[in-house]
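run_5.txt (compact mmCIF, C-alpha atoms and all ligand atoms)
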```
# COMPACT_ATOMS: atom_id res chain seq x y z
CA MET A 1 282.81 120.51 -7.90
CA HIS A 2 281.75 118.13 -5.15
CA GLY A 3 285.42 117.60 -4.29
CA THR A 4 286.02 121.34 -3.85
CA PHE A 5 282.89 121.71 -1.69
CA ALA A 6 283.92 118.78 0.49
CA ARG A 7 287.43 120.21 0.93
CA ARG A 8 286.04 123.66 1.84
CA THR A 9 283.64 122.10 4.32
CA LEU A 10 286.49 120.14 5.87
CA ILE A 11 288.71 123.23 6.12
CA THR A 12 285.88 125.30 7.66
CA ALA A 13 285.03 122.54 10.13
CA THR A 14 288.69 122.19 11.11
CA ALA A 15 289.04 125.96 11.61
CA LEU A 16 285.86 126.04 13.73
CA GLY A 17 287.07 123.11 15.77
CA LEU A 18 290.36 124.87 16.47
CA ALA A 19 288.52 128.07 17.43
CA LEU A 20 286.30 126.14 19.86
CA VAL A 21 289.32 124.47 21.44
CA ALA A 22 291.20 127.78 21.70
CA ALA A 23 288.33 129.92 23.06
CA PRO A 24 287.89 128.40 26.54
CA ALA A 25 291.65 128.54 27.18
CA THR A 26 291.69 132.29 26.49
CA ALA A 27 288.63 132.92 28.66
CA HIS A 28 290.22 130.93 31.48
CA ALA A 29 293.46 132.92 31.31
CA GLN A 30 291.55 136.19 31.70
CA SER A 31 289.20 135.30 34.52
CA ALA A 32 290.90 132.75 36.75
CA PRO A 33 291.65 133.95 40.28
CA GLY A 34 295.29 134.75 41.01
CA THR A 35 295.95 136.12 37.55
CA ASN A 36 297.34 139.52 36.75
CA ALA A 37 294.16 140.98 35.25
CA PRO A 38 293.95 144.74 35.96
CA VAL A 39 292.01 145.69 39.10
CA ARG A 40 290.64 149.02 40.33
CA VAL A 41 291.79 149.95 43.82
CA SER A 42 291.55 153.06 46.00
CA LEU A 43 294.96 154.54 46.73
CA THR A 44 295.80 157.12 49.40
CA VAL A 45 299.22 158.63 50.07
CA GLN A 46 299.08 160.32 53.46
CA GLY A 47 302.05 162.57 54.13
CA PRO A 48 303.11 164.29 57.35
CA ASP A 49 301.20 167.44 56.42
CA GLY A 50 298.18 166.00 54.66
CA ILE A 51 297.06 163.88 51.74
CA LEU A 52 299.52 163.81 48.84
CA PHE A 53 297.38 161.62 46.59
CA LYS A 54 293.92 160.09 46.74
CA GLY A 55 292.17 158.37 43.89
CA LYS A 56 291.06 155.23 42.13
CA ILE A 57 293.76 153.46 40.14
CA ARG A 58 293.54 150.68 37.58
CA THR A 59 296.60 148.54 38.10
CA ARG A 60 298.31 145.22 37.59
CA GLY A 61 301.68 143.78 38.59
CA HIS A 62 304.54 145.02 36.40
CA ASP A 63 308.24 145.89 36.33
CA VAL A 64 309.03 149.16 38.07
CA THR A 65 312.09 151.40 37.96
CA THR A 66 313.37 153.62 40.75
CA THR A 67 316.37 155.94 40.74
CA THR A 68 317.96 154.26 43.74
CA GLY A 69 316.86 150.66 43.21
CA GLY A 70 316.85 150.22 39.45
CA THR A 71 314.41 148.05 37.51
CA HIS A 72 312.83 144.93 39.00
CA THR A 73 309.63 142.98 38.80
CA CYS A 74 306.85 144.07 41.16
CA ASP A 75 304.11 141.56 40.46
CA GLY A 76 303.68 139.49 43.59
CA THR A 77 306.01 136.73 42.43
CA ASN A 78 308.75 138.58 44.37
CA GLY A 79 310.25 136.33 47.02
CA GLY A 80 307.98 133.52 45.77
CA ALA A 81 305.08 135.17 47.62
CA ASN A 82 302.57 134.25 44.90
CA PRO A 83 302.87 131.49 42.29
CA SER A 84 301.94 133.79 39.41
CA ALA A 85 301.84 137.52 38.68
CA VAL A 86 299.23 139.60 40.52
CA PRO A 87 298.52 143.29 41.19
CA THR A 88 300.50 144.75 44.13
CA PRO A 89 300.52 147.90 46.32
CA THR A 90 303.85 149.22 45.01
CA ALA A 91 302.80 148.59 41.40
CA ALA A 92 299.61 150.58 42.18
CA LEU A 93 301.72 153.43 43.57
CA ASP A 94 303.90 153.29 40.46
CA ASP A 95 300.84 153.42 38.17
CA ALA A 96 299.45 156.42 40.07
CA ALA A 97 302.84 158.13 39.92
CA HIS A 98 303.07 157.72 36.14
CA ARG A 99 299.49 158.77 35.45
CA ARG A 100 299.45 161.75 37.83
CA HIS A 101 303.06 162.76 37.18
CA PHE A 102 304.61 162.47 40.61
CA THR A 103 307.75 160.60 41.65
CA TRP A 104 308.59 157.91 44.16
CA ASP A 105 311.86 156.23 45.05
CA GLY A 106 312.92 153.11 46.89
CA ALA A 107 316.03 151.07 47.57
CA TRP A 108 316.13 147.50 46.31
CA TYR A 109 316.77 144.74 48.85
CA ALA A 110 317.81 141.52 47.14
CA SER A 111 317.34 139.74 50.47
CA PHE A 112 313.58 140.47 50.33
CA ASP A 113 313.37 140.60 46.54
CA ASP A 114 311.52 143.87 47.10
CA TYR A 115 311.77 147.63 47.30
CA SER A 116 311.69 149.62 50.47
CA VAL A 117 309.48 152.56 49.48
CA ASP A 118 311.49 155.45 50.90
CA THR A 119 310.26 158.60 49.16
CA ILE A 120 306.93 159.65 47.66
CA LYS A 121 306.42 163.07 46.06
CA ASN A 122 309.85 164.04 47.45
CA VAL A 123 308.73 163.26 51.02
CA SER A 124 310.89 160.71 52.79
CA GLY A 125 310.77 159.33 56.30
CA GLY A 126 314.35 160.17 57.05
CA ALA A 127 315.61 159.01 60.44
CA SER A 128 312.30 159.50 62.24
CA ALA A 129 309.57 158.00 60.07
CA TYR A 130 308.79 155.56 57.25
CA TRP A 131 306.14 154.94 54.62
CA ASN A 132 303.85 152.31 56.11
CA ILE A 133 301.98 150.16 53.58
CA SER A 134 298.49 148.99 54.49
CA VAL A 135 295.71 147.24 52.61
CA ASN A 136 292.14 147.57 53.85
CA GLY A 137 293.48 149.14 57.03
CA THR A 138 295.96 146.39 57.92
CA PRO A 139 299.74 146.79 57.51
CA THR A 140 301.01 144.28 54.99
CA PRO A 141 303.17 141.51 56.52
CA VAL A 142 305.45 141.66 53.47
CA GLY A 143 306.86 144.34 51.17
CA GLY A 144 304.79 146.19 48.59
CA CYS A 145 305.78 144.03 45.60
CA GLN A 146 304.90 140.77 47.33
CA PHE A 147 301.35 141.43 48.50
CA LYS A 148 298.41 140.46 46.28
CA LEU A 149 295.75 143.11 45.70
CA ASN A 150 292.14 142.31 44.87
CA ALA A 151 289.63 144.50 43.04
CA GLY A 152 288.17 147.15 45.36
CA ASP A 153 290.99 147.03 47.90
CA THR A 154 291.94 150.19 49.77
CA VAL A 155 295.70 150.74 49.65
CA ALA A 156 297.43 153.34 51.82
CA PHE A 157 301.00 154.57 51.99
CA THR A 158 301.10 156.46 55.27
CA TRP A 159 303.99 158.56 56.58
CA THR A 160 304.42 157.06 60.04
CA ALA A 161 306.73 158.31 62.81
CA PHE A 162 308.79 155.67 64.65
C1 LIG B 1 313.46 147.54 61.80
C2 LIG B 1 312.53 147.05 60.70
C3 LIG B 1 311.86 148.01 59.95
C4 LIG B 1 312.16 149.51 60.06
C5 LIG B 1 313.52 149.76 59.31
C6 LIG B 1 314.15 151.14 59.58
C7 LIG B 1 314.75 151.25 60.97
N1 LIG B 1 314.59 152.38 61.54
O1 LIG B 1 315.38 150.34 61.47
C8 LIG B 1 310.89 150.10 59.35
C9 LIG B 1 309.86 150.52 60.40
C10 LIG B 1 311.15 151.27 58.40
C11 LIG B 1 310.33 148.90 58.59
C12 LIG B 1 309.37 149.05 57.63
C13 LIG B 1 308.74 147.99 57.02
N2 LIG B 1 308.94 146.68 57.22
CO1 LIG B 1 310.31 146.05 58.35
N3 LIG B 1 311.50 145.20 59.62
C14 LIG B 1 312.35 145.67 60.49
C15 LIG B 1 313.02 144.49 61.24
C16 LIG B 1 312.30 144.35 62.59
C17 LIG B 1 314.52 144.60 61.45
C18 LIG B 1 315.35 145.02 60.19
C19 LIG B 1 316.80 145.25 60.60
O2 LIG B 1 317.11 146.24 61.25
N4 LIG B 1 317.68 144.34 60.21
C20 LIG B 1 319.11 144.42 60.59
C21 LIG B 1 319.91 145.30 59.59
C22 LIG B 1 321.40 145.35 59.99
O3 LIG B 1 319.85 144.66 58.28
P1 LIG B 1 319.42 145.53 57.02
O4 LIG B 1 319.22 144.61 55.84
O5 LIG B 1 320.29 146.69 56.79
O6 LIG B 1 317.97 146.08 57.49
C23 LIG B 1 317.26 146.95 56.70
C24 LIG B 1 316.13 146.27 55.93
O7 LIG B 1 315.58 145.23 56.73
C25 LIG B 1 315.16 147.41 55.73
N5 LIG B 1 313.78 146.99 55.82
C26 LIG B 1 313.03 146.95 56.91
N6 LIG B 1 311.83 146.47 56.65
C27 LIG B 1 311.81 146.22 55.32
C28 LIG B 1 310.79 145.71 54.53
C29 LIG B 1 311.01 145.51 53.16
C30 LIG B 1 309.94 144.95 52.32
C31 LIG B 1 312.30 145.85 52.62
C32 LIG B 1 312.53 145.66 51.17
C33 LIG B 1 313.32 146.36 53.43
C34 LIG B 1 313.05 146.54 54.78
O8 LIG B 1 315.39 148.38 56.77
C35 LIG B 1 316.48 147.92 57.58
C36 LIG B 1 317.26 149.09 58.09
O9 LIG B 1 317.76 149.85 57.02
C37 LIG B 1 312.68 143.31 60.26
C38 LIG B 1 312.56 141.95 60.93
C39 LIG B 1 313.90 141.24 60.93
N7 LIG B 1 314.12 140.56 61.97
O10 LIG B 1 314.64 141.30 59.93
C40 LIG B 1 311.35 143.78 59.64
C41 LIG B 1 310.99 143.27 58.27
C42 LIG B 1 312.19 143.31 57.37
N8 LIG B 1 309.97 144.30 57.77
C43 LIG B 1 309.03 143.79 57.15
C44 LIG B 1 307.97 144.54 56.60
C45 LIG B 1 306.82 143.78 56.00
C46 LIG B 1 307.99 145.94 56.59
C47 LIG B 1 306.95 146.86 55.92
C48 LIG B 1 306.61 146.45 54.51
C49 LIG B 1 305.70 146.94 56.85
C50 LIG B 1 304.55 147.73 56.26
N9 LIG B 1 303.47 147.05 55.91
O11 LIG B 1 304.63 148.93 56.12
C51 LIG B 1 307.68 148.24 56.00
C52 LIG B 1 308.36 148.72 54.70
C53 LIG B 1 307.38 149.57 53.89
C54 LIG B 1 308.06 150.30 52.79
N10 LIG B 1 308.10 151.63 52.94
O12 LIG B 1 308.48 149.74 51.83
C55 LIG B 1 309.16 142.30 57.00
C56 LIG B 1 309.60 141.94 55.58
C57 LIG B 1 309.03 140.62 55.12
C58 LIG B 1 309.08 140.48 53.62
N11 LIG B 1 309.22 139.27 53.17
O13 LIG B 1 308.95 141.41 52.89
C59 LIG B 1 310.15 141.94 58.16
C60 LIG B 1 311.01 140.71 57.87
C61 LIG B 1 309.30 141.71 59.43
C62 LIG B 1 308.34 140.55 59.28
N12 LIG B 1 307.09 140.77 58.90
O14 LIG B 1 308.68 139.41 59.53
N13 LIG B 1 310.88 147.74 59.04
```
Show me, as structure tokens, the structure contained in the file I just sent.
Amino acid sequence: MHGTFARRTLITATALGLALVAAPATAHAQSAPGTNAPVRVSLTVQGPDGILFKGKIRTRGHDVTTTTGGTHTCDGTNGGANPSAVPTPTAALDDAAHRRHFTWDGAWYASFDDYSVDTIKNVSGGASAYWNISVNGTPTPVGGCQFKLNAGDTVAFTWTAF
């Protein structure tokens, strides 16, 4: 009787101990800065004749697939830009496209480990314009799969004449 009680107590204590050791690690993985936890950002797609999309999007870095470029990661680790996966502008565009049922396309450049976003909602820059990517009003110095987004950022894909 006493033996059984002692064994149960030991098992319970061991299980609790394991849970206590495991819990902080999980909490850390979800809240540490630089992780790929989903963020809410404002996204605008400004075409030559007006706004093609405007809304808030919950997003995180993920693999994306385009007709021209195929499937590649788009989580900020592209080109070694960030040490771990993070939300990115092109991943945000991709999330908006899937949720609101519009298309985008981009060629893949292995040299940059990134997509060139060439077409959104069937609008492309052609020979005279391109889709500029900006975050909080500033053009990104790198491609859209390399730049880290933070919660509340304002992301814009703007049709821009050369
Ligand atoms: C010209 C140029 C452009 C032109 C290209 C079209 C044209 N009419 O020529 C335009 C204006 C479209 C452009 C756009 C952008 N560019 Co640019 N561009 C250049 C530049 C000055 C020369 C490229 C070139 O002609 N190379 C010679 C040809 C023979 O080689 P190529 O491989 O065929 O060149 C093609 C690619 O470079 C591609 N391209 C151009 N820019 C970018 C950016 C990315 C991310 C990708 C994947 C491809 C790509 O377009 C070229 C012509 O087809 C380079 C700087 C450099 N010295 O390389 C920056 C450069 C490549 N661009 C850069 C950036 C950041 C951008 C933008 C993301 C800027 C922005 N925030 O909007 C956008 C792309 C946005 C999108 N829609 O995805 C960076 C890329 C850095 C990185 N690690 O990602 C560079 C290196 C400049 C820099 N900051 O140092 N760009």
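A distance cut-off of 6 Å from ligand LIG 1 (chain B), applied to only C-alpha atoms and all ligand atoms, picks out the residues A:Tyr109, A:Phe112, A:Asp114, A:Tyr115, A:Ser116, A:Val117, A:Asp118, A:Tyr130, A:Trp131, A:Asn132, A:Ile133, A:Ser134, A:Pro139, A:Thr140, A:Pro141, A:Val142, A:Gly143.
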Counting only C-alpha atoms, which of A:Thr77, A:Thr103, A:Thr44, A:Asn82 gets nearest to Asp153 of chain A?
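Counting only C-alpha atoms, the residue closest to Asp153 of chain A is A:Thr44.
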With distances taken over only C-alpha atoms, which of A:Cys145, A:Val45, A:Ile120, A:Ala96 is nearest to Ala81 of chain A?
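Checking each of A:Cys145, A:Val45, A:Ile120, A:Ala96 against Ala81 of chain A, counting only C-alpha atoms, the winner is A:Cys145.
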Could you tell me how far atom CA of Gly80 of chain A sits from atom CA of Gln46 of chain A, in Å to one decimal place?
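Interatomic distance here is 29.3 Å.
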Do a neighbour search on segment 84-90 of chain A at 8 Å with all atoms listed in the file, toss out local chain neighbours closer than 2 positions, and write the hits as a list in words.
Gly34, Thr35, Asn36, Ala37, Pro38, Val39, Thr59, Arg60, Gly61, His62, Cys74, Asp75, Gly76, Thr77, Asn82, Ala92, Leu93, Asp94, Val117, Ile133, Val135, Gly144, Cys145, Gln146, Phe147, Lys148, Leu149, Asn150 and Val155 of chain A
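The gap separating atom CA of Gly47 of chain A from atom CA of Phe162 of chain A is 14.3 Å, in Å to one decimal.
For the pair atom CA of Ala129 of chain A and atom CA of Asp49 of chain A, the interatomic distance is 13.1 Å.
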